[in-house]
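Chemist: One structure follows; several queries about it will come next.
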Amino acid sequence: MAQQAERTLQKELKLRIPINIESRYLSASEAMATGCGIFLTANTTTDCVFGGTGFGRKGKPAEEVANDAANELIKAVKELGCVDEHLQDQLIIFMALAKGLSRVRCGPLTMHTETAIDIAQKLCQVNFETAQQEDGTVIVSCNGIGKENANI
């Protein structure tokens, strides 16, 4: 699976980038279920981290599982955001609670992110702004309510 994912990434991104593979086999007592899965991450030179996952099921070839993960990762990289679609909605509450202005560049906003913004605005009495950029990314910004961790 790892080699198939690497082939897909190299082909689609058309870059000669170093790919580090860390494989793990889980015994039946360690695993939550039978089957296969793969999790890929990409760390950019600007410290962005993107992920892609693929999950197997009975009758699904391992190569297809690898391609699912690689294609999800490729999509995130090509969207040019700083976070992938799975992280963007989870940052919203932290932006609402933070002190000062928070901004994040995302790919197209997911319905989860739009819902998180709506709920955070109602709960925290803050205003979020979204600005569509020419490159297709979206900048989400918010002046938070000023919560700070007293233990730091």
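Chain identifiers are assigned as A, B, and so on, following the order in which chains appear in the structure tokens; residues are numbered from 1 within each chain, and ligands are numbered from 1 in order of appearance.
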If you run DSSP over the backbone, which residues in segment 26-88 of chain A end up strand (DSSP E)? Put them as a ChimeraX atom specification.

Modeler: /A:37-43,49-55

Chemist: Now that the selection is made, can you save its residues with C-alpha atoms as a tab-separated table (two decimals), in the first residue's frame?

Modeler:
chain	number	residue	atom	x	y	z
A	37	GLY	CA	-5.86	1.33	6.34
A	38	ILE	CA	-3.33	4.00	5.50
A	39	PHE	CA	-2.72	7.50	6.83
A	40	LEU	CA	-0.52	9.90	4.90
A	41	THR	CA	0.81	13.28	6.00
A	42	ALA	CA	2.61	16.03	4.13
A	43	ASN	CA	4.67	18.66	5.92
A	49	VAL	CA	0.52	19.77	7.72
A	50	PHE	CA	-1.99	17.96	5.51
A	51	GLY	CA	-3.40	14.47	5.77
A	52	GLY	CA	-5.03	11.80	3.68
A	53	THR	CA	-6.65	8.54	4.75
A	54	GLY	CA	-7.78	5.36	3.08
A	55	PHE	CA	-9.74	2.53	4.65

Chemist: Extract, using only C-alpha atoms, all DNA, RNA and protein residues at most 8 Å from Asn67 of chain A, discarding same-chain residues fewer than 6 positions from it, and format them as a VMD selection string.

Modeler: chain A and resid 4 to 5 8 54

Chemist: Name all residues at most 8 Å from segment 140-152 of chain A (count only C-alpha atoms; drop same-chain ones fewer than 2 positions away) and give them as a list in words.

Modeler: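 Contacts, with the query itself left out: Met95, Ala96, Leu97, Ala98, Lys99, Gly100, Leu101, Ser102, Arg103, Val104, Arg105, Cys106, Cys124, Val126, Asn127, Phe128, Glu129, Thr130, Ala131 and Val138 of chain A.
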
Chemist: Measure the distance from atom CA of Asp68 of chain A to atom CA of Ala28 of chain A in Å and round it to one decimal.

Modeler: 24.1 Å

Chemist: I need the residue nearest Lys60 of chain A from this list: A:Ile19, A:Lys75, A:Gly35, A:His112. Use only C-alpha atoms for the distance.

Modeler: A:Gly35

Chemist: Looking at only C-alpha atoms, which of A:Ala116, A:Ser29, A:Gly107, A:Pro61 is the one that sits closest to Lys78 of chain A?

Modeler: A:Gly107

Chemist: What gap, in Å, lies between atom CA of Gly136 of chain A and atom CA of Glu85 of chain A?

Modeler: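 The value is 13.9 Å.
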
Chemist: DSSP on the backbone: what in chain A comes out helix (DSSP H, G or I), as an MDAnalysis selection string?

Modeler: chainID A and resid 2:13 62:78 88:97 111:124

Chemist: Show me, as a PyMOL selection string, the residues that have an atom within 10 Å of Tyr25 of chain A when counting only C-alpha atoms, minus same-chain residues fewer than 5 positions from it.

Modeler: chain A and resi 30-31+36

Chemist: Could you check which of A:Gly59, A:Ile93, A:Leu80, A:Ala66 is closest to Gln121 of chain A, using only C-alpha atoms?

Modeler: A:Ile93

Chemist: Pick out the closest residue to Cys82 of chain A from this set: A:Thr115, A:Thr110, A:Asn20, A:Thr45. Count only C-alpha atoms.

Modeler: A:Thr45

Chemist: Could you tell me how far atom CA of Ile119 of chain A lies from atom CA of Ile92 of chain A, in Å and to one decimal?

Modeler: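 Answer for the atom CA of Ile119 of chain A to atom CA of Ile92 of chain A separation: 9.5 Å.
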
Chemist: With distances taken over only C-alpha atoms, which residue among A:Gly56, A:Lys14, A:Ile139, A:Ser27 lies nearest Ala69 of chain A?

Modeler: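 Closest residue, counting only C-alpha atoms: A:Gly56.
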